[in-house]
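upload_30.cif follows (mmCIF, C-alpha atoms):
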data_structure
#
loop_
_atom_site.label_atom_id
_atom_site.label_comp_id
_atom_site.auth_asym_id
_atom_site.auth_seq_id
_atom_site.Cartn_x
_atom_site.Cartn_y
_atom_site.Cartn_z
CA MET O 1207 -11.00 9.21 11.92
CA ASP O 1208 -11.96 5.69 10.86
CA THR O 1209 -9.66 3.24 9.07
CA VAL O 1210 -11.13 3.92 5.64
CA ASP O 1211 -10.56 7.67 5.96
CA LEU O 1212 -7.04 7.06 7.26
CA LEU O 1213 -6.16 4.82 4.33
CA LEU O 1214 -7.76 7.07 1.73
CA HIS O 1215 -4.70 9.29 1.43
CA PRO O 1216 -1.82 8.46 -0.93
CA VAL O 1217 0.97 9.30 1.56
CA ARG O 1218 -0.63 7.36 4.41
CA LEU O 1219 -1.23 4.40 2.12
CA ARG O 1220 2.42 4.51 1.01
CA ILE O 1221 3.50 4.54 4.67
CA VAL O 1222 1.31 1.49 5.33
CA HIS O 1223 2.89 -0.27 2.32
CA ALA O 1224 6.39 0.62 3.55
CA MET O 1225 5.62 -0.69 7.04
CA SER O 1226 4.31 -4.05 5.78
CA GLY O 1227 6.03 -7.32 6.56
CA GLY O 1228 6.39 -6.68 10.26
CA ARG O 1229 8.98 -3.97 9.76
CA THR O 1230 9.91 -1.64 12.59
CA LEU O 1231 10.87 1.75 11.16
CA THR O 1232 11.51 5.26 12.39
CA THR O 1233 10.05 8.30 10.71
CA SER O 1234 13.55 9.02 9.38
CA ASP O 1235 13.60 5.53 7.83
CA LEU O 1236 10.26 6.28 6.19
CA CYS O 1237 11.57 9.60 4.86
CA ASP O 1238 14.41 7.65 3.22
CA LEU O 1239 11.90 5.23 1.68
CA LEU O 1240 9.67 8.07 0.44
CA PRO O 1241 12.23 10.58 -0.85
CA ASP O 1242 9.64 12.34 -3.03
CA VAL O 1243 7.54 13.26 0.05
CA SER O 1244 8.59 16.14 2.29
CA LYS O 1245 9.81 15.22 5.78
CA ALA O 1246 7.14 17.40 7.37
CA THR O 1247 4.44 15.53 5.46
CA VAL O 1248 5.82 12.11 6.45
CA TYR O 1249 6.07 13.17 10.12
CA ARG O 1250 2.51 14.56 10.08
CA HIS O 1251 1.02 11.40 8.57
CA VAL O 1252 3.03 9.03 10.80
CA GLY O 1253 1.72 10.98 13.79
CA LEU O 1254 -1.85 10.65 12.55
CA LEU O 1255 -1.46 6.90 11.90
CA ALA O 1256 0.04 6.41 15.36
CA GLU O 1257 -2.65 8.49 17.10
CA SER O 1258 -5.30 6.45 15.32
CA GLY O 1259 -3.81 3.12 16.33
CA LEU O 1260 -2.64 1.90 12.92
CA LEU O 1261 0.98 2.22 14.06
CA ASP O 1262 2.32 1.14 17.45
CA VAL O 1263 5.37 2.71 19.05
CA GLU O 1264 7.81 -0.18 19.49
CA GLY O 1265 10.50 1.82 21.24
CA GLU O 1266 12.22 5.15 21.65
CA GLN O 1267 15.81 6.36 21.70
CA ARG O 1268 17.55 9.71 21.95
CA VAL O 1269 19.20 10.90 18.76
CA ARG O 1270 21.00 14.26 18.85
CA GLY O 1271 18.81 15.48 21.68
CA ALA O 1272 15.51 14.43 20.12
CA VAL O 1273 13.43 11.34 20.84
CA GLU O 1274 13.24 9.01 17.86
CA ARG O 1275 10.40 6.48 17.88
CA ARG O 1276 10.33 3.13 16.14
CA TYR O 1277 6.93 2.19 14.75
CA ARG O 1278 5.30 -1.09 13.74
CA LEU O 1279 2.17 -1.48 11.65
CA ARG O 1280 -0.89 -3.12 13.18
CA PRO O 1281 -1.99 -5.06 10.05
CA ALA O 1282 -5.43 -5.93 11.40
CA ARG O 1283 -6.16 -2.22 11.92
CA ALA O 1284 -4.82 -1.29 8.47
CA ALA O 1285 -7.38 -3.32 6.56
CA VAL O 1286 -10.87 -2.61 5.32
CA ASP O 1287 -13.19 -5.50 6.09
CA ALA O 1288 -15.58 -7.01 3.54
CA GLU O 1289 -18.64 -5.61 5.33
CA THR O 1290 -17.32 -2.04 5.14
CA ALA O 1291 -16.38 -2.46 1.48
CA ALA O 1292 -19.84 -3.89 0.68
CA ALA O 1293 -21.53 -0.92 2.39
CA ALA O 1294 -19.51 1.64 0.41
CA SER O 1295 -21.37 3.81 -2.06
CA PRO O 1296 -20.31 4.16 -5.71
CA ASP O 1297 -18.74 7.53 -4.80
CA ASP O 1298 -16.84 5.87 -1.93
CA HIS O 1299 -15.50 3.31 -4.41
CA ARG O 1300 -14.53 6.08 -6.86
CA ARG O 1301 -12.62 7.88 -4.12
CA ALA O 1302 -10.89 4.71 -2.93
CA PHE O 1303 -9.92 3.73 -6.47
CA ALA O 1304 -8.58 7.24 -7.18
CA VAL O 1305 -6.43 7.11 -4.03
CA ALA O 1306 -5.19 3.62 -4.92
CA MET O 1307 -4.24 4.80 -8.42
CA ALA O 1308 -2.60 7.99 -7.11
CA THR O 1309 -0.62 5.90 -4.63
CA LEU O 1310 0.42 3.45 -7.31
CA LEU O 1311 1.49 6.28 -9.62
CA ALA O 1312 3.51 7.94 -6.84
CA GLU O 1313 5.23 4.65 -5.98
CA PHE O 1314 5.99 3.96 -9.65
CA ASN O 1315 7.41 7.46 -10.17
CA ALA O 1316 9.56 7.08 -7.04
CA TYR O 1317 10.85 3.78 -8.44
CA LEU O 1318 11.67 5.32 -11.83
CA ASP O 1319 13.42 8.27 -10.14
CA ARG O 1320 15.97 5.95 -8.51
CA ASP O 1321 19.36 5.86 -10.23
CA GLN O 1322 19.36 2.05 -10.39
CA ALA O 1323 15.81 1.71 -11.76
CA ASP O 1324 15.76 -0.83 -14.59
CA PRO O 1325 12.21 -1.79 -15.55
CA ALA O 1326 13.35 -4.53 -17.96
CA ALA O 1327 15.72 -6.18 -15.47
CA ASP O 1328 13.20 -5.77 -12.63
CA LEU O 1329 10.49 -7.44 -14.75
CA VAL O 1330 8.16 -4.48 -14.22
CA GLY O 1331 4.73 -5.14 -15.67
CA TYR O 1332 1.63 -3.02 -16.10
CA ARG O 1333 -0.35 -4.74 -18.78
CA GLN O 1334 -4.09 -4.76 -18.99
CA HIS O 1335 -5.99 -7.64 -20.54
CA ALA O 1336 -9.62 -7.78 -21.53
CA ILE O 1337 -10.86 -11.27 -20.66
CA TRP O 1338 -14.29 -12.84 -20.98
CA LEU O 1339 -15.44 -14.71 -17.88
CA SER O 1340 -18.59 -16.41 -16.70
CA PRO O 1341 -19.41 -15.93 -13.00
CA ASP O 1342 -17.86 -19.35 -12.26
CA GLU O 1343 -14.71 -18.54 -14.27
CA ARG O 1344 -14.41 -15.19 -12.47
CA ALA O 1345 -14.68 -16.92 -9.09
CA ALA O 1346 -12.03 -19.45 -10.15
CA LEU O 1347 -9.69 -16.66 -11.33
CA ILE O 1348 -10.07 -14.83 -8.00
CA ALA O 1349 -9.39 -18.08 -6.11
CA ASP O 1350 -6.27 -18.69 -8.23
CA LEU O 1351 -5.00 -15.15 -7.60
CA ARG O 1352 -5.61 -15.51 -3.86
CA ALA O 1353 -3.81 -18.88 -3.87
CA ALA O 1354 -0.81 -17.24 -5.53
CA LEU O 1355 -0.72 -14.04 -3.45
CA VAL O 1356 -1.93 -14.83 0.08
CA PRO O 1357 0.97 -17.13 1.05
CA ARG O 1358 3.44 -14.44 -0.01
CA ILE O 1359 1.72 -11.49 1.67
CA GLY O 1360 3.06 -12.66 5.03
CA ASN O 1361 6.68 -12.84 3.86
CA PRO O 1362 8.83 -10.82 6.26
CA PRO O 1363 11.61 -8.58 4.99
CA ALA O 1364 14.88 -10.44 4.43
CA PRO O 1365 18.23 -9.51 2.89
CA GLU O 1366 17.38 -11.30 -0.36
CA ARG O 1367 13.87 -9.81 -0.59
CA THR O 1368 12.77 -6.53 -2.13
CA ARG O 1369 9.35 -5.06 -1.37
CA HIS O 1370 7.12 -5.14 -4.47
CA LEU O 1371 3.65 -3.75 -5.04
CA VAL O 1372 1.08 -6.01 -6.68
CA SER O 1373 -2.21 -4.40 -7.60
CA PRO O 1374 -4.74 -6.80 -9.07
CA ILE O 1375 -7.70 -4.85 -10.39
CA LEU O 1376 -10.77 -6.65 -11.69
CA PHE O 1377 -14.11 -5.21 -12.70
CA PRO O 1378 -16.67 -5.82 -15.42
CA ALA O 1379 -16.06 -3.44 -18.31
CA GLU O 1380 -19.52 -4.04 -19.77
CA GLU O 1381 -23.00 -4.81 -18.52
CA PRO O 1382 -23.47 -8.53 -17.82
CA PRO O 1383 -25.60 -10.40 -20.35
CA GLY O 1384 -29.31 -10.05 -19.63
#

Please express what this file holds, its structure, as structure tokens.
Amino acid sequence: MDTVDLLLHPVRLRIVHAMSGGRTLTTSDLCDLLPDVSKATVYRHVGLLAESGLLDVEGEQRVRGAVERRYRLRPARAAVDAETAAAASPDDHRRAFAVAMATLLAEFNAYLDRDQADPAADLVGYRQHAIWLSPDERAALIADLRAALVPRIGNPPAPERTRHLVSPILFPAEEPPG
């Protein structure tokens, strides 16, 4: 199974998100982070990601007679390159967008299901804005977003940090002027 097919599943994409930042986690840790997903499902998808080389086994230990593995994400393997994205058909893009939205909805529901969820205090945002952009303005906006996000994508987990999901979505809502 290629990387695109591996990532085009909401549970696998949530596992990849959870493993970001250089974290080393066990499948049990992932089950704790994805309480709305059955343990069997998490174990099955972790196994598939490991078999496919998106997760590396960082170590093993015996826990109550069973072997517990610690996994680490291989970020370079868990990315879709620009060439692959450019070669995708409209149906491929529809499928990828649907998985991204299903994943985002599952993550948001899991957040809201937590006892301590407080969207106002957590500054949760999900606004949509219609903006008018020339091709140059669009390029500048994308560059500004990259400048704001890229330096933070590499932040490792730390006691004062909480993992957040940021999902910039940009597409023309109308035909460009002729």

For the PyMOL selection byres ((chain O and resi 1331-1344) around 12), applied here, can you spell out every residue it catches as a PDB file with C-alpha atoms, in the frame of the given file?
ATOM      1  CA  LEU O1310       0.420   3.450  -7.310  1.00  0.00           C
ATOM      2  CA  LEU O1311       1.490   6.280  -9.620  1.00  0.00           C
ATOM      3  CA  PHE O1314       5.990   3.960  -9.650  1.00  0.00           C
ATOM      4  CA  ASP O1324      15.760  -0.830 -14.590  1.00  0.00           C
ATOM      5  CA  PRO O1325      12.210  -1.790 -15.550  1.00  0.00           C
ATOM      6  CA  ALA O1326      13.350  -4.530 -17.960  1.00  0.00           C
ATOM      7  CA  ALA O1327      15.720  -6.180 -15.470  1.00  0.00           C
ATOM      8  CA  ASP O1328      13.200  -5.770 -12.630  1.00  0.00           C
ATOM      9  CA  LEU O1329      10.490  -7.440 -14.750  1.00  0.00           C
ATOM     10  CA  VAL O1330       8.160  -4.480 -14.220  1.00  0.00           C
ATOM     11  CA  ALA O1345     -14.680 -16.920  -9.090  1.00  0.00           C
ATOM     12  CA  ALA O1346     -12.030 -19.450 -10.150  1.00  0.00           C
ATOM     13  CA  LEU O1347      -9.690 -16.660 -11.330  1.00  0.00           C
ATOM     14  CA  ILE O1348     -10.070 -14.830  -8.000  1.00  0.00           C
ATOM     15  CA  ALA O1349      -9.390 -18.080  -6.110  1.00  0.00           C
ATOM     16  CA  ASP O1350      -6.270 -18.690  -8.230  1.00  0.00           C
ATOM     17  CA  LEU O1351      -5.000 -15.150  -7.600  1.00  0.00           C
ATOM     18  CA  HIS O1370       7.120  -5.140  -4.470  1.00  0.00           C
ATOM     19  CA  LEU O1371       3.650  -3.750  -5.040  1.00  0.00           C
ATOM     20  CA  VAL O1372       1.080  -6.010  -6.680  1.00  0.00           C
ATOM     21  CA  SER O1373      -2.210  -4.400  -7.600  1.00  0.00           C
ATOM     22  CA  PRO O1374      -4.740  -6.800  -9.070  1.00  0.00           C
ATOM     23  CA  ILE O1375      -7.700  -4.850 -10.390  1.00  0.00           C
ATOM     24  CA  LEU O1376     -10.770  -6.650 -11.690  1.00  0.00           C
ATOM     25  CA  PHE O1377     -14.110  -5.210 -12.700  1.00  0.00           C
ATOM     26  CA  PRO O1378     -16.670  -5.820 -15.420  1.00  0.00           C
ATOM     27  CA  ALA O1379     -16.060  -3.440 -18.310  1.00  0.00           C
ATOM     28  CA  GLU O1380     -19.520  -4.040 -19.770  1.00  0.00           C
ATOM     29  CA  PRO O1382     -23.470  -8.530 -17.820  1.00  0.00           C
ATOM     30  CA  PRO O1383     -25.600 -10.400 -20.350  1.00  0.00           C
TER      31      PRO O1383
END

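Minimum distance to Val1269 of chain O across O:Ala1293, O:Ser1234, O:His1299, O:Arg1283 (counting all atoms listed in the file) occurs at O:Ser1234.
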
Note to self: Around (1.2, 9.3, 11.2), as given in the file, which residues come within 12 Å? Count only C-alpha atoms and list them as a ChimeraX atom specification.
What the structure shows: /O:1212-1213,1215,1217-1222,1225,1232-1233,1236,1245-1263,1275,1277-1279

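With atom CA of Pro1363 of chain O on one side and atom CA of Gly1265 of chain O on the other, the separation reads 19.3 Å.
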
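Going from atom CA of Gln1267 of chain O to atom CA of Thr1230 of chain O covers 13.5 Å.
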
Checklist line | Atomic distance atom CA of Pro1365 of chain O - atom CA of Pro1241 of chain O, expressed in Å with one decimal | finding: 21.3 Å

Given the file shown, enumerate the residues that the PyMOL selection byres ((chain O and resi 1358-1361) around 12) captures and present them as a CSV table (one decimal) with C-alpha atoms, in the coordinates of the input.
chain,number,residue,atom,x,y,z
O,1223,HIS,CA,2.9,-0.3,2.3
O,1226,SER,CA,4.3,-4.0,5.8
O,1227,GLY,CA,6.0,-7.3,6.6
O,1228,GLY,CA,6.4,-6.7,10.3
O,1229,ARG,CA,9.0,-4.0,9.8
O,1281,PRO,CA,-2.0,-5.1,10.0
O,1351,LEU,CA,-5.0,-15.2,-7.6
O,1352,ARG,CA,-5.6,-15.5,-3.9
O,1353,ALA,CA,-3.8,-18.9,-3.9
O,1354,ALA,CA,-0.8,-17.2,-5.5
O,1355,LEU,CA,-0.7,-14.0,-3.4
O,1356,VAL,CA,-1.9,-14.8,0.1
O,1357,PRO,CA,1.0,-17.1,1.0
O,1362,PRO,CA,8.8,-10.8,6.3
O,1363,PRO,CA,11.6,-8.6,5.0
O,1364,ALA,CA,14.9,-10.4,4.4
O,1366,GLU,CA,17.4,-11.3,-0.4
O,1367,ARG,CA,13.9,-9.8,-0.6
O,1368,THR,CA,12.8,-6.5,-2.1
O,1369,ARG,CA,9.4,-5.1,-1.4
O,1370,HIS,CA,7.1,-5.1,-4.5
O,1371,LEU,CA,3.6,-3.8,-5.0
O,1372,VAL,CA,1.1,-6.0,-6.7

Check: Excluding same-chain residues fewer than 3 positions from Ala1316 of chain O, what lies within 12 Å of it counting all atoms listed in the file, as a PyMOL selection string?
Finding: chain O and resi 1220+1238-1243+1309-1313+1319-1323

Centre and edge lengths, as JSON, for the axis-aligned box enclosing every listed atom of segment 1280-1295 of chain O with 6 Å of padding on each of the six sides, in Å to one decimal?
{"center_x": -11.2, "center_y": -1.6, "center_z": 5.6, "size_x": 32.6, "size_y": 22.8, "size_z": 27.2}

Item checked: Which of O:Ala1302, O:Ala1292, O:Val1210, O:Leu1231 sits closest to Glu1274 of chain O [using all atoms listed in the file] ->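 Of all the options, O:Leu1231 lies closest to Glu1274 of chain O.
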
Starting from the sparse input, extend segment 1339-1363 of chain O to N, CA, C and O atoms and give the output as a PDB file, in the coordinates of the input.
ATOM      1  N   LEU O1339     -15.285 -13.734 -18.958  1.00  0.00           N
ATOM      2  CA  LEU O1339     -15.440 -14.710 -17.880  1.00  0.00           C
ATOM      3  C   LEU O1339     -16.908 -14.898 -17.527  1.00  0.00           C
ATOM      4  O   LEU O1339     -17.668 -13.921 -17.438  1.00  0.00           O
ATOM      5  N   SER O1340     -17.289 -16.132 -17.298  1.00  0.00           N
ATOM      6  CA  SER O1340     -18.590 -16.410 -16.700  1.00  0.00           C
ATOM      7  C   SER O1340     -18.438 -16.158 -15.199  1.00  0.00           C
ATOM      8  O   SER O1340     -17.319 -16.041 -14.690  1.00  0.00           O
ATOM      9  N   PRO O1341     -19.538 -16.094 -14.460  1.00  0.00           N
ATOM     10  CA  PRO O1341     -19.410 -15.930 -13.000  1.00  0.00           C
ATOM     11  C   PRO O1341     -18.541 -17.029 -12.365  1.00  0.00           C
ATOM     12  O   PRO O1341     -17.729 -16.742 -11.476  1.00  0.00           O
ATOM     13  N   ASP O1342     -18.676 -18.269 -12.827  1.00  0.00           N
ATOM     14  CA  ASP O1342     -17.860 -19.350 -12.260  1.00  0.00           C
ATOM     15  C   ASP O1342     -16.382 -19.179 -12.613  1.00  0.00           C
ATOM     16  O   ASP O1342     -15.501 -19.423 -11.775  1.00  0.00           O
ATOM     17  N   GLU O1343     -16.106 -18.770 -13.852  1.00  0.00           N
ATOM     18  CA  GLU O1343     -14.710 -18.540 -14.270  1.00  0.00           C
ATOM     19  C   GLU O1343     -14.098 -17.376 -13.494  1.00  0.00           C
ATOM     20  O   GLU O1343     -12.933 -17.420 -13.112  1.00  0.00           O
ATOM     21  N   ARG O1344     -14.893 -16.332 -13.259  1.00  0.00           N
ATOM     22  CA  ARG O1344     -14.410 -15.190 -12.470  1.00  0.00           C
ATOM     23  C   ARG O1344     -14.064 -15.636 -11.055  1.00  0.00           C
ATOM     24  O   ARG O1344     -13.015 -15.287 -10.512  1.00  0.00           O
ATOM     25  N   ALA O1345     -14.931 -16.419 -10.441  1.00  0.00           N
ATOM     26  CA  ALA O1345     -14.680 -16.920  -9.090  1.00  0.00           C
ATOM     27  C   ALA O1345     -13.410 -17.778  -9.063  1.00  0.00           C
ATOM     28  O   ALA O1345     -12.597 -17.671  -8.126  1.00  0.00           O
ATOM     29  N   ALA O1346     -13.225 -18.600 -10.085  1.00  0.00           N
ATOM     30  CA  ALA O1346     -12.030 -19.450 -10.150  1.00  0.00           C
ATOM     31  C   ALA O1346     -10.767 -18.593 -10.320  1.00  0.00           C
ATOM     32  O   ALA O1346      -9.734 -18.872  -9.698  1.00  0.00           O
ATOM     33  N   LEU O1347     -10.842 -17.559 -11.139  1.00  0.00           N
ATOM     34  CA  LEU O1347      -9.690 -16.660 -11.330  1.00  0.00           C
ATOM     35  C   LEU O1347      -9.329 -15.985 -10.003  1.00  0.00           C
ATOM     36  O   LEU O1347      -8.154 -15.935  -9.628  1.00  0.00           O
ATOM     37  N   ILE O1348     -10.321 -15.482  -9.291  1.00  0.00           N
ATOM     38  CA  ILE O1348     -10.070 -14.830  -8.000  1.00  0.00           C
ATOM     39  C   ILE O1348      -9.447 -15.829  -7.018  1.00  0.00           C
ATOM     40  O   ILE O1348      -8.495 -15.499  -6.314  1.00  0.00           O
ATOM     41  N   ALA O1349      -9.956 -17.050  -6.996  1.00  0.00           N
ATOM     42  CA  ALA O1349      -9.390 -18.080  -6.110  1.00  0.00           C
ATOM     43  C   ALA O1349      -7.936 -18.371  -6.491  1.00  0.00           C
ATOM     44  O   ALA O1349      -7.077 -18.518  -5.607  1.00  0.00           O
ATOM     45  N   ASP O1350      -7.652 -18.443  -7.782  1.00  0.00           N
ATOM     46  CA  ASP O1350      -6.270 -18.690  -8.230  1.00  0.00           C
ATOM     47  C   ASP O1350      -5.348 -17.542  -7.828  1.00  0.00           C
ATOM     48  O   ASP O1350      -4.218 -17.769  -7.379  1.00  0.00           O
ATOM     49  N   LEU O1351      -5.814 -16.308  -7.988  1.00  0.00           N
ATOM     50  CA  LEU O1351      -5.000 -15.150  -7.600  1.00  0.00           C
ATOM     51  C   LEU O1351      -4.740 -15.160  -6.094  1.00  0.00           C
ATOM     52  O   LEU O1351      -3.615 -14.920  -5.649  1.00  0.00           O
ATOM     53  N   ARG O1352      -5.776 -15.432  -5.317  1.00  0.00           N
ATOM     54  CA  ARG O1352      -5.610 -15.510  -3.860  1.00  0.00           C
ATOM     55  C   ARG O1352      -4.609 -16.606  -3.491  1.00  0.00           C
ATOM     56  O   ARG O1352      -3.763 -16.422  -2.617  1.00  0.00           O
ATOM     57  N   ALA O1353      -4.721 -17.766  -4.163  1.00  0.00           N
ATOM     58  CA  ALA O1353      -3.810 -18.880  -3.870  1.00  0.00           C
ATOM     59  C   ALA O1353      -2.360 -18.500  -4.181  1.00  0.00           C
ATOM     60  O   ALA O1353      -1.441 -18.954  -3.500  1.00  0.00           O
ATOM     61  N   ALA O1354      -2.166 -17.654  -5.179  1.00  0.00           N
ATOM     62  CA  ALA O1354      -0.810 -17.240  -5.530  1.00  0.00           C
ATOM     63  C   ALA O1354      -0.293 -16.129  -4.607  1.00  0.00           C
ATOM     64  O   ALA O1354       0.893 -16.107  -4.254  1.00  0.00           O
ATOM     65  N   LEU O1355      -1.170 -15.215  -4.194  1.00  0.00           N
ATOM     66  CA  LEU O1355      -0.720 -14.040  -3.450  1.00  0.00           C
ATOM     67  C   LEU O1355      -0.726 -14.211  -1.931  1.00  0.00           C
ATOM     68  O   LEU O1355       0.218 -13.785  -1.260  1.00  0.00           O
ATOM     69  N   VAL O1356      -1.767 -14.792  -1.380  1.00  0.00           N
ATOM     70  CA  VAL O1356      -1.930 -14.830   0.080  1.00  0.00           C
ATOM     71  C   VAL O1356      -0.731 -15.447   0.793  1.00  0.00           C
ATOM     72  O   VAL O1356      -0.257 -14.891   1.790  1.00  0.00           O
ATOM     73  N   PRO O1357      -0.185 -16.568   0.321  1.00  0.00           N
ATOM     74  CA  PRO O1357       0.970 -17.130   1.050  1.00  0.00           C
ATOM     75  C   PRO O1357       2.194 -16.215   1.049  1.00  0.00           C
ATOM     76  O   PRO O1357       3.032 -16.305   1.935  1.00  0.00           O
ATOM     77  N   ARG O1358       2.289 -15.329   0.096  1.00  0.00           N
ATOM     78  CA  ARG O1358       3.440 -14.440  -0.010  1.00  0.00           C
ATOM     79  C   ARG O1358       3.242 -13.112   0.725  1.00  0.00           C
ATOM     80  O   ARG O1358       4.211 -12.427   1.029  1.00  0.00           O
ATOM     81  N   ILE O1359       1.996 -12.752   0.995  1.00  0.00           N
ATOM     82  CA  ILE O1359       1.720 -11.490   1.670  1.00  0.00           C
ATOM     83  C   ILE O1359       2.366 -11.447   3.044  1.00  0.00           C
ATOM     84  O   ILE O1359       2.819 -10.409   3.496  1.00  0.00           O
ATOM     85  N   GLY O1360       2.462 -12.591   3.698  1.00  0.00           N
ATOM     86  CA  GLY O1360       3.060 -12.660   5.030  1.00  0.00           C
ATOM     87  C   GLY O1360       4.564 -12.767   5.047  1.00  0.00           C
ATOM     88  O   GLY O1360       5.166 -12.847   6.126  1.00  0.00           O
ATOM     89  N   ASN O1361       5.216 -12.762   3.875  1.00  0.00           N
ATOM     90  CA  ASN O1361       6.680 -12.840   3.860  1.00  0.00           C
ATOM     91  C   ASN O1361       7.279 -11.666   4.626  1.00  0.00           C
ATOM     92  O   ASN O1361       6.956 -10.515   4.331  1.00  0.00           O
ATOM     93  N   PRO O1362       8.163 -11.937   5.575  1.00  0.00           N
ATOM     94  CA  PRO O1362       8.830 -10.820   6.260  1.00  0.00           C
ATOM     95  C   PRO O1362       9.981 -10.295   5.407  1.00  0.00           C
ATOM     96  O   PRO O1362      10.457 -10.985   4.498  1.00  0.00           O
ATOM     97  N   PRO O1363      10.432  -9.085   5.692  1.00  0.00           N
ATOM     98  CA  PRO O1363      11.610  -8.580   4.990  1.00  0.00           C
ATOM     99  C   PRO O1363      12.799  -9.504   5.266  1.00  0.00           C
ATOM    100  O   PRO O1363      12.901 -10.106   6.332  1.00  0.00           O
TER     101      PRO O1363
END
